[in-house]
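**Student:** Following this line is structure_37.txt, made up of compact mmCIF, C-alpha atoms and all ligand atoms:
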```
# COMPACT_ATOMS: atom_id res chain seq x y z
CA MET A 1 3.40 -17.72 -16.34
CA VAL A 2 1.19 -16.41 -19.10
CA VAL A 3 2.69 -13.06 -20.03
CA THR A 4 1.95 -12.81 -23.73
CA SER A 5 2.18 -10.42 -26.65
CA ASP A 6 -1.06 -11.80 -28.12
CA THR A 7 -3.20 -8.72 -28.69
CA SER A 8 -6.37 -10.58 -27.70
CA ALA A 9 -5.08 -10.67 -24.12
CA PRO A 10 -5.93 -7.63 -21.99
CA LEU A 11 -3.18 -5.05 -21.56
CA VAL A 12 -2.57 -4.09 -17.95
CA VAL A 13 -0.46 -0.97 -17.48
CA VAL A 14 1.21 -0.79 -14.09
CA VAL A 15 2.52 2.50 -12.72
CA GLY A 16 5.46 2.27 -10.31
CA ALA A 17 6.40 -1.09 -11.78
CA THR A 18 9.80 -1.17 -10.09
CA GLY A 19 8.34 -0.13 -6.72
CA VAL A 20 6.91 -2.28 -3.96
CA GLN A 21 3.21 -2.10 -4.85
CA GLY A 22 3.56 -1.97 -8.64
CA GLY A 23 6.12 -4.76 -8.49
CA SER A 24 3.73 -6.86 -6.45
CA VAL A 25 0.96 -6.26 -8.98
CA ILE A 26 3.20 -7.48 -11.78
CA SER A 27 4.51 -10.54 -9.96
CA ASN A 28 1.00 -11.61 -9.00
CA LEU A 29 -0.34 -11.14 -12.54
CA VAL A 30 2.61 -13.10 -13.91
CA GLN A 31 1.50 -15.95 -11.63
CA SER A 32 -2.05 -15.84 -12.95
CA ASP A 33 -3.39 -18.63 -15.13
CA LYS A 34 -5.07 -15.96 -17.27
CA PRO A 35 -3.11 -14.41 -20.16
CA TYR A 36 -2.12 -10.75 -19.91
CA ARG A 37 -0.02 -8.30 -21.76
CA LEU A 38 1.87 -6.39 -19.10
CA ARG A 39 3.42 -2.96 -19.41
CA GLY A 40 5.34 -1.44 -16.55
CA VAL A 41 5.76 2.32 -16.31
CA THR A 42 8.85 3.61 -14.56
CA ARG A 43 10.93 6.75 -14.68
CA ASP A 44 14.21 5.01 -15.24
CA VAL A 45 14.14 2.05 -17.63
CA SER A 46 17.85 1.38 -17.19
CA LYS A 47 17.77 0.32 -13.54
CA PRO A 48 18.26 -3.38 -12.70
CA ALA A 49 14.67 -3.73 -11.46
CA ALA A 50 13.45 -2.65 -14.90
CA GLN A 51 15.66 -5.23 -16.58
CA LYS A 52 14.21 -7.93 -14.33
CA LEU A 53 10.74 -6.99 -15.52
CA LYS A 54 11.84 -7.26 -19.14
CA ASP A 55 13.19 -10.73 -18.41
CA LEU A 56 9.69 -11.69 -17.24
CA GLY A 57 8.27 -10.61 -20.60
CA VAL A 58 6.96 -7.28 -19.31
CA GLU A 59 7.14 -4.31 -21.68
CA VAL A 60 8.87 -1.49 -19.82
CA VAL A 61 8.26 2.12 -20.79
CA SER A 62 9.48 5.36 -19.32
CA ALA A 63 7.21 8.19 -18.26
CA ASN A 64 7.68 10.78 -15.62
CA ILE A 65 4.18 11.21 -14.18
CA VAL A 66 4.21 14.89 -13.36
CA VAL A 67 1.91 17.78 -14.16
CA GLY A 68 2.95 19.13 -17.53
CA ASN A 69 3.79 15.69 -18.90
CA GLU A 70 0.25 14.61 -19.79
CA SER A 71 1.02 13.52 -23.34
CA ALA A 72 3.91 11.27 -22.27
CA VAL A 73 1.66 9.63 -19.67
CA GLN A 74 -1.09 9.05 -22.24
CA GLU A 75 1.47 7.54 -24.58
CA ALA A 76 2.57 5.18 -21.81
CA PHE A 77 -1.05 4.17 -21.11
CA LYS A 78 -2.01 3.74 -24.77
CA GLY A 79 -4.10 0.64 -25.48
CA ALA A 80 -4.59 -0.18 -21.79
CA HIS A 81 -7.61 -2.18 -20.69
CA VAL A 82 -6.65 -1.80 -17.07
CA VAL A 83 -4.45 0.87 -15.47
CA PHE A 84 -3.03 0.41 -12.00
CA GLY A 85 -2.05 3.74 -10.45
CA VAL A 86 -0.05 4.52 -7.35
CA THR A 87 1.49 7.77 -6.06
CA LYS A 88 4.70 8.36 -4.14
CA PHE A 89 4.00 10.87 -1.41
CA PHE A 90 7.18 10.21 0.55
CA GLU A 91 9.36 11.21 -2.38
CA HIS A 92 8.13 14.80 -2.23
CA LYS A 93 5.81 14.97 0.84
CA ASP A 94 3.42 17.28 -0.95
CA SER A 95 -0.20 16.15 -0.78
CA PHE A 96 -1.34 18.70 -3.38
CA ARG A 97 1.18 17.32 -5.81
CA GLU A 98 0.04 13.80 -4.98
CA ILE A 99 -3.55 14.71 -5.78
CA ALA A 100 -2.57 16.41 -9.04
CA GLU A 101 -0.47 13.47 -10.20
CA GLY A 102 -3.16 10.98 -9.22
CA LYS A 103 -5.75 12.92 -11.19
CA LEU A 104 -3.37 13.09 -14.11
CA MET A 105 -3.27 9.28 -14.17
CA VAL A 106 -7.06 9.13 -14.02
CA ASP A 107 -7.41 11.55 -16.93
CA ALA A 108 -4.84 9.65 -19.00
CA ALA A 109 -6.53 6.30 -18.28
CA LYS A 110 -9.85 7.76 -19.35
CA ALA A 111 -8.37 9.38 -22.45
CA VAL A 112 -6.92 6.08 -23.71
CA GLY A 113 -10.25 4.33 -23.12
CA ALA A 114 -9.22 2.08 -20.22
CA LYS A 115 -12.10 -0.05 -18.95
CA LEU A 116 -10.87 -0.20 -15.38
CA PHE A 117 -8.74 2.04 -13.18
CA ILE A 118 -7.33 0.57 -10.00
CA PHE A 119 -5.81 2.93 -7.50
CA SER A 120 -3.87 2.40 -4.31
CA GLY A 121 -6.02 4.55 -2.06
CA LEU A 122 -6.33 5.04 1.69
CA PRO A 123 -9.13 6.22 3.99
CA ALA A 124 -10.20 9.87 4.13
CA VAL A 125 -9.08 10.27 7.74
CA THR A 126 -10.13 13.91 8.21
CA LYS A 127 -13.63 13.26 6.93
CA LEU A 128 -14.13 9.92 8.66
CA SER A 129 -12.91 11.25 12.00
CA GLY A 130 -15.18 14.28 11.72
CA GLY A 131 -12.17 16.61 11.55
CA LYS A 132 -10.59 15.30 14.75
CA PHE A 133 -7.49 13.94 12.98
CA SER A 134 -6.73 16.25 10.10
CA HIS A 135 -3.00 15.83 9.51
CA VAL A 136 -2.79 12.45 7.83
CA VAL A 137 -2.60 14.33 4.57
CA HIS A 138 -1.21 11.48 2.47
CA PHE A 139 -4.28 9.37 3.31
CA ASP A 140 -6.74 12.19 2.58
CA SER A 141 -5.02 12.93 -0.73
CA LYS A 142 -5.29 9.34 -1.92
CA ALA A 143 -8.97 9.28 -0.96
CA GLU A 144 -9.48 12.42 -3.02
CA VAL A 145 -7.90 10.81 -6.07
CA VAL A 146 -10.23 7.82 -5.69
CA GLU A 147 -13.26 10.07 -5.39
CA TYR A 148 -12.26 11.87 -8.57
CA ALA A 149 -11.53 8.60 -10.40
CA ARG A 150 -14.96 7.22 -9.55
CA SER A 151 -16.52 10.26 -11.23
CA GLN A 152 -14.52 9.60 -14.40
CA LEU A 153 -14.33 5.86 -15.13
CA PRO A 154 -14.92 2.43 -13.52
CA THR A 155 -12.61 2.39 -10.53
CA VAL A 156 -11.62 0.00 -7.78
CA ASP A 157 -9.77 1.27 -4.74
CA VAL A 158 -7.33 -1.35 -3.45
CA GLU A 159 -6.12 -0.08 -0.09
CA ALA A 160 -2.91 -1.43 1.42
CA GLY A 161 -2.82 -2.34 5.08
CA TYR A 162 0.02 -1.46 7.39
CA TYR A 163 3.29 -2.70 5.91
CA MET A 164 4.97 -5.43 7.93
CA THR A 165 8.25 -3.91 6.76
CA ASN A 166 7.38 -0.66 8.63
CA LEU A 167 8.57 -2.50 11.72
CA ALA A 168 12.14 -2.20 10.46
CA SER A 169 11.86 1.60 10.58
CA SER A 170 13.43 3.22 13.62
CA MET A 171 10.49 5.64 13.84
CA LEU A 172 7.84 2.94 13.84
CA GLY A 173 9.43 -0.28 15.00
CA PRO A 174 11.23 -1.80 17.97
CA GLU A 175 14.79 -0.60 18.63
CA LYS A 176 17.61 -2.75 19.84
CA GLN A 177 19.02 -1.74 23.22
CA PRO A 178 22.64 -2.08 24.35
CA ASP A 179 21.68 -5.16 26.39
CA GLY A 180 20.32 -6.89 23.24
CA THR A 181 16.64 -6.59 24.13
CA TYR A 182 14.23 -4.53 22.06
CA ARG A 183 12.25 -1.53 23.21
CA TRP A 184 9.24 -0.48 21.19
CA THR A 185 8.11 3.07 21.84
CA THR A 186 4.60 3.68 20.49
CA GLN A 187 1.66 5.97 20.99
CA TRP A 188 -0.76 3.18 20.23
CA ASP A 189 -2.59 1.09 22.73
CA PRO A 190 -0.63 -2.19 22.51
CA ALA A 191 -3.96 -3.99 22.12
CA ALA A 192 -5.12 -1.86 19.16
CA LYS A 193 -5.09 -3.90 15.98
CA PHE A 194 -3.50 -3.01 12.67
CA PRO A 195 -4.26 -4.79 9.41
CA LEU A 196 -0.84 -6.13 8.46
CA ILE A 197 0.34 -6.89 4.95
CA ASP A 198 3.49 -8.29 3.38
CA THR A 199 3.14 -5.71 0.64
CA GLU A 200 5.75 -7.00 -1.76
CA ALA A 201 4.37 -10.52 -1.78
CA ASP A 202 0.67 -9.90 -1.34
CA TYR A 203 -0.59 -6.46 -2.33
CA GLY A 204 -0.78 -7.54 -5.97
CA LEU A 205 -2.77 -10.59 -4.98
CA PHE A 206 -5.67 -8.29 -4.14
CA VAL A 207 -5.21 -6.23 -7.31
CA ARG A 208 -5.26 -9.43 -9.34
CA TYR A 209 -8.52 -10.29 -7.61
CA ALA A 210 -9.94 -6.87 -8.53
CA ILE A 211 -9.12 -7.53 -12.18
CA GLU A 212 -10.35 -11.11 -12.31
CA SER A 213 -13.38 -11.24 -10.03
CA PRO A 214 -16.85 -10.66 -11.49
CA GLU A 215 -17.69 -8.45 -8.50
CA TYR A 216 -14.95 -5.86 -9.07
CA SER A 217 -13.74 -6.20 -12.66
CA THR A 218 -16.35 -3.74 -13.93
CA GLY A 219 -15.40 -1.16 -11.31
CA GLY A 220 -16.85 0.07 -8.04
CA GLY A 221 -15.98 -0.75 -4.48
CA THR A 222 -12.98 -0.88 -2.24
CA ILE A 223 -10.80 -3.87 -1.48
CA PHE A 224 -8.87 -3.91 1.79
CA SER A 225 -5.61 -5.79 1.46
CA TYR A 226 -4.12 -7.38 4.56
CA ALA A 227 -3.36 -10.78 6.01
CA GLU A 228 -4.45 -10.36 9.62
CA HIS A 229 -5.41 -7.78 12.20
CA ALA A 230 -2.56 -7.79 14.68
CA SER A 231 -1.89 -5.73 17.78
CA HIS A 232 1.54 -4.51 18.82
CA ALA A 233 1.36 -7.02 21.66
CA HIS A 234 0.78 -9.84 19.17
CA ILE A 235 3.54 -8.58 16.87
CA ALA A 236 5.95 -8.41 19.82
CA SER A 237 5.12 -11.89 21.03
CA THR A 238 5.45 -13.27 17.49
CA LEU A 239 8.91 -11.70 17.22
CA GLU A 240 9.83 -13.24 20.56
CA LYS A 241 8.59 -16.65 19.46
CA VAL A 242 10.10 -16.71 15.96
CA ARG A 243 13.32 -14.75 16.53
CA GLY A 244 13.98 -15.61 20.15
CA VAL A 245 14.36 -11.93 21.08
CA SER A 246 13.08 -10.11 24.13
CA MET A 247 10.64 -7.24 23.53
CA ASN A 248 9.38 -4.44 25.74
CA ILE A 249 6.59 -2.14 24.64
CA ALA A 250 6.56 1.40 26.01
CA ALA A 251 3.18 2.94 25.24
CA LEU A 252 3.47 6.72 25.58
CA ASP A 253 0.67 9.22 25.87
CA PRO A 254 0.31 11.49 22.82
CA ALA A 255 2.24 14.42 24.37
CA ALA A 256 5.18 12.27 25.43
CA TYR A 257 5.18 10.55 22.06
CA ARG A 258 5.24 13.88 20.31
CA ALA A 259 8.11 15.02 22.50
CA SER A 260 10.05 11.88 21.58
CA LEU A 261 9.57 12.68 17.87
CA GLU A 262 10.76 16.24 18.44
CA GLN A 263 13.77 14.95 20.31
CA ALA A 264 14.57 12.68 17.39
CA GLY A 265 14.74 15.82 15.24
CA LEU A 266 11.84 15.03 12.92
CA PRO A 267 10.39 17.81 10.77
CA ALA A 268 7.13 19.34 12.01
CA THR A 269 5.01 17.95 9.17
CA ALA A 270 6.23 14.40 9.84
CA ILE A 271 5.43 14.85 13.53
CA GLU A 272 1.92 15.99 12.67
CA ILE A 273 1.34 13.00 10.42
CA LEU A 274 2.75 10.45 12.86
CA GLY A 275 0.93 12.06 15.76
CA ASP A 276 -2.42 11.89 14.01
CA LEU A 277 -1.96 8.23 13.14
CA LEU A 278 -3.24 7.86 16.65
CA TYR A 279 -6.63 7.77 14.93
CA VAL A 280 -6.05 4.03 14.52
CA THR A 281 -6.49 3.46 18.27
CA GLU A 282 -9.74 5.35 18.31
CA TYR A 283 -11.37 4.38 15.03
CA GLY A 284 -9.38 1.47 13.57
CA TYR A 285 -7.09 1.75 10.57
CA TRP A 286 -10.01 1.59 8.13
CA PHE A 287 -12.70 2.99 10.40
CA GLY A 288 -14.35 -0.43 10.50
CA GLN A 289 -15.00 -0.41 6.78
CA GLU A 290 -13.24 -3.71 6.14
CA LEU A 291 -16.39 -5.61 6.87
CA GLU A 292 -15.98 -9.22 7.78
CA GLU A 293 -18.54 -10.41 5.25
CA GLN A 294 -16.83 -8.66 2.37
CA GLN A 295 -13.42 -9.85 3.47
CA LYS A 296 -14.70 -13.43 3.57
CA ARG A 297 -15.79 -13.16 -0.06
CA VAL A 298 -12.47 -11.60 -1.06
CA ARG A 299 -10.48 -14.30 0.74
CA ALA A 300 -12.52 -17.01 -0.94
CA GLY A 301 -11.71 -15.46 -4.33
CA LEU A 302 -7.97 -14.90 -3.87
CA ALA A 303 -5.61 -17.13 -5.81
CA ARG A 304 -3.87 -18.00 -2.52
CA GLN A 305 -3.98 -16.66 1.02
CA PRO A 306 -1.77 -13.73 2.07
CA ARG A 307 1.06 -14.29 4.53
CA THR A 308 0.55 -13.77 8.22
CA PHE A 309 3.25 -11.91 10.14
CA GLU A 310 4.60 -15.19 11.45
CA GLU A 311 4.76 -16.64 7.93
CA PHE A 312 6.44 -13.46 6.70
CA LEU A 313 9.10 -13.74 9.42
CA ARG A 314 9.77 -17.37 8.60
CA ALA A 315 10.04 -16.59 4.88
CA ASN A 316 12.46 -13.67 5.52
CA PRO A 317 15.08 -14.89 7.99
CA ASP A 318 17.10 -11.67 7.64
CA PHE A 319 14.22 -9.46 8.75
CA PHE A 320 14.77 -8.69 12.42
CA ALA A 321 17.58 -11.22 12.58
CA ALA A 322 18.55 -11.30 16.25
C1 LIG A 401 7.90 13.32 -19.61
O1 LIG A 401 8.13 11.92 -19.73
C2 LIG A 401 9.13 11.62 -20.68
C3 LIG A 401 9.15 10.12 -20.83
O2 LIG A 401 9.59 9.54 -19.64
C4 LIG A 401 10.47 12.18 -20.25
O3 LIG A 401 11.45 11.90 -21.22
C5 LIG A 401 10.31 13.69 -20.05
O4 LIG A 401 11.51 14.19 -19.49
C6 LIG A 401 9.16 14.00 -19.12
N1 LIG A 401 8.95 15.43 -19.03
C7 LIG A 401 8.87 16.04 -17.86
C8 LIG A 401 8.48 17.49 -17.92
O5 LIG A 401 9.10 15.50 -16.81
```
Mind turning the file's structure into structure tokens?
Ligand SMILES: *[C@@H]1O[C@H](CO)[C@@H](O)[C@H](O)[C@H]1NC(C)=O
**Tutor:**
Amino acid sequence: MVVTSDTSAPLVVVVGATGVQGGSVISNLVQSDKPYRLRGVTRDVSKPAAQKLKDLGVEVVSANIVVGNESAVQEAFKGAHVVFGVTKFFEHKDSFREIAEGKLMVDAAKAVGAKLFIFSGLPAVTKLSGGKFSHVVHFDSKAEVVEYARSQLPTVDVEAGYYMTNLASSMLGPEKQPDGTYRWTTQWDPAAKFPLIDTEADYGLFVRYAIESPEYSTGGGTIFSYAEHASHAHIASTLEKVRGVSMNIAALDPAAYRASLEQAGLPATAIEILGDLLYVTEYGYWFGQELEEQQKRVRAGLARQPRTFEEFLRANPDFFAA
């Protein structure tokens, strides 16, 4: 580990340092053979996760990244060579707020003279689907932040694939039945592939690559972070193989799926978002942008390879423990 206080080493400021993505960025930079000064930004510096960062040699500062708190955010970013920014839509579920807070980070990064802004973006689903799927607002909002950032300073968009841990969610993953088998109700074609990522372990691997590779370190471009493209059928058979469970996939048509969400008592906005994630079946999670050629170059430049779903399961015996 080469976390240093030597001022000749670049300062990387990481927003959401105690969260999944920010935490992954820090742990992967700590593993780098290059020296960095690391500063984690978090709202609450007293929580145990913040103390853990301090133990790693990370400077931890507090800043609430909200509109109206621009000067505190600039203070937290001061001296940064690289700023990693991420927003937390599911804390407030307000895409306008997400855009405003993302832009606030961009402005602060620019104001302190950062050389590189890295943002956790996602595809502009409304635009890329020609308006057909217009409710995935927390993807569109992140794309808007990236577009703005690119107009302001050198920016790399590091997009996270579909979290492997989503499978533990009752809305998105298989549910245990009274007889011990699992039933997985989805609206997706079981053969449609999702780019899966073990976010905590591997998202930061791709951000580290953005910082250290000649191709991205001066800004520009999008990096797609995932280990493998896996269908629900593949995920189910991997769970069967590794955990010894029995899985049944029930693929519903969109109307029946929607009705199941309503029955579960989900709020209308959540139903709209989940319903429109059906775009993945039609267009692919990234609309085919994660070109094989580019991904080959990225993989060749990564410090290590990301974990496949099977490797993730073997490394986390408690996840989906039968
Ligand atoms: C701005 O951030 C500072 C530092 O974390 C915090 O003390 C303050 O309460 C924040 N202000 C607002 C308006 O959130």
**Student:** Residues at most 7 Å from ligand LIG 401 (chain A), using only C-alpha atoms and all ligand atoms? Could they come as a PyMOL selection string?
**Tutor:** chain A and resi 43+62-66+68-69+72-73
**Student:** For range 51-56 of chain A, please output as a PyMOL selection string all residues within 12 Å (counting all atoms listed in the file; exclusion window: fewer than 5 positions along the same chain).
**Tutor:** chain A and resi 1-4+14+16-19+22-31+37-42+44-46+61
**Student:** Would you pick out the contacts of Ser129 in chain A at 12 Å or less, using all atoms listed in the file, so that residues sharing its chain but fewer than 5 positions from it are not included, and give the list as an mmCIF file with C-alpha atoms, in the frame of the given file?
**Tutor:**
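This is the output file result_36.cif:
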```cif
data_model
loop_
_atom_site.group_PDB
_atom_site.id
_atom_site.type_symbol
_atom_site.label_atom_id
_atom_site.label_comp_id
_atom_site.auth_asym_id
_atom_site.auth_seq_id
_atom_site.Cartn_x
_atom_site.Cartn_y
_atom_site.Cartn_z
ATOM 1 C CA PRO A 123 -9.130 6.220 3.990
ATOM 2 C CA ALA A 124 -10.200 9.870 4.130
ATOM 3 C CA SER A 134 -6.730 16.250 10.100
ATOM 4 C CA HIS A 135 -3.000 15.830 9.510
ATOM 5 C CA VAL A 136 -2.790 12.450 7.830
ATOM 6 C CA ASP A 140 -6.740 12.190 2.580
ATOM 7 C CA ASP A 276 -2.420 11.890 14.010
ATOM 8 C CA LEU A 277 -1.960 8.230 13.140
ATOM 9 C CA LEU A 278 -3.240 7.860 16.650
ATOM 10 C CA TYR A 279 -6.630 7.770 14.930
ATOM 11 C CA VAL A 280 -6.050 4.030 14.520
ATOM 12 C CA THR A 281 -6.490 3.460 18.270
ATOM 13 C CA GLU A 282 -9.740 5.350 18.310
ATOM 14 C CA TYR A 283 -11.370 4.380 15.030
ATOM 15 C CA GLY A 284 -9.380 1.470 13.570
ATOM 16 C CA TYR A 285 -7.090 1.750 10.570
ATOM 17 C CA TRP A 286 -10.010 1.590 8.130
ATOM 18 C CA PHE A 287 -12.700 2.990 10.400
ATOM 19 C CA GLY A 288 -14.350 -0.430 10.500
#
```
**Student:** Could you check how far CA of Gly180 in chain A sits from CA of Arg314 in chain A, in Å to one decimal?
**Tutor:** 20.9 Å
**Student:** Counting only C-alpha atoms, which of A:Glu215, A:Asp107, A:Glu292, A:Glu310 gets nearest to Arg243 in chain A?
**Tutor:**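 When distances to Arg243 in chain A are compared using only C-alpha atoms, the smallest one comes from A:Glu310.
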**Student:** Applying 10 Å and only C-alpha atoms, which residues near Ile197 in chain A remain after dropping the ones on its own chain fewer than 2 positions away? List them as a PyMOL selection string.
**Tutor:** chain A and resi 160-165+194-195+199-203+225-229+306-309+312
**Student:** Return the single residue from A:Ser5, A:Gly221, A:Glu212, A:Gln187 that is closest to Ser260 in chain A, with distances computed using all atoms listed in the file.
**Tutor:**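 For Ser260 in chain A, the nearest of the candidates is A:Gln187.
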**Student:** Find the residues near Ala259 in chain A: any atom within 12 Å, counting all atoms listed in the file, skip ones fewer than 2 places away on the same chain, and give them as a list in words.
**Tutor:**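 My reading of the contact set: Thr185, Gln187, Leu252, Asp253, Pro254, Ala255, Ala256, Tyr257, Leu261, Glu262, Gln263, Ala264, Gly265, Leu266, Ala268, Ile271, Glu272, Leu274 and Gly275 of chain A.
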**Student:** For each of A:Val83, A:Ala251, A:Val146, A:Leu11, take the minimum atom-to-atom distance to Ala191 in chain A, counting all atoms listed in the file, then give the residue where this is smallest.
**Tutor:**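 The shortest atom-to-atom distance to Ala191 in chain A comes from A:Ala251.
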**Student:** Counting all atoms listed in the file, find residues at most 9 Å from (-6.3, -3.9, -18.1) (file frame) and give them as an NGL selection string.
**Tutor:** :A and (10-13 or 36-38 or 79-84 or 114-117 or 211)
**Student:** So, counting only C-alpha atoms, which residue among A:Thr126, A:Asn248, A:Leu239, A:Ala210 is closest to Thr181 in chain A?
**Tutor:**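 Comparing A:Thr126, A:Asn248, A:Leu239, A:Ala210 against Thr181 in chain A, the winner is A:Asn248.
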**Student:** My list of candidates is A:Tyr216, A:Pro35, A:Pro154, A:Lys193. Which is closest to Thr7 in chain A when distances are computed with all atoms listed in the file?
**Tutor:**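 Checking each candidate against Thr7 in chain A, we get A:Pro35 as the closest.
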**Student:** Choose the residue, out of A:Lys241, A:Lys132, A:Lys103, A:Lys88, that has the smallest atom-to-atom separation from Tyr148 in chain A; count all atoms listed in the file.
**Tutor:**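 Closest to Tyr148 in chain A of all the choices is A:Lys103.
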**Student:** Can you measure CA of Val112 in chain A to CA of Lys47 in chain A for me? One decimal in Å is fine.
**Tutor:**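 Those two atoms sit 27.3 Å apart.
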**Student:** Around (-2.3, 19.5, 0.7) in the file's frame, which residues reach within 9 Å when counting only C-alpha atoms? Return as a count of residues only?
**Tutor:** 10
**Student:** Between CA of Thr238 in chain A and CA of Gln177 in chain A, what is the distance, to one decimal in Å?
**Tutor:** 18.7 Å
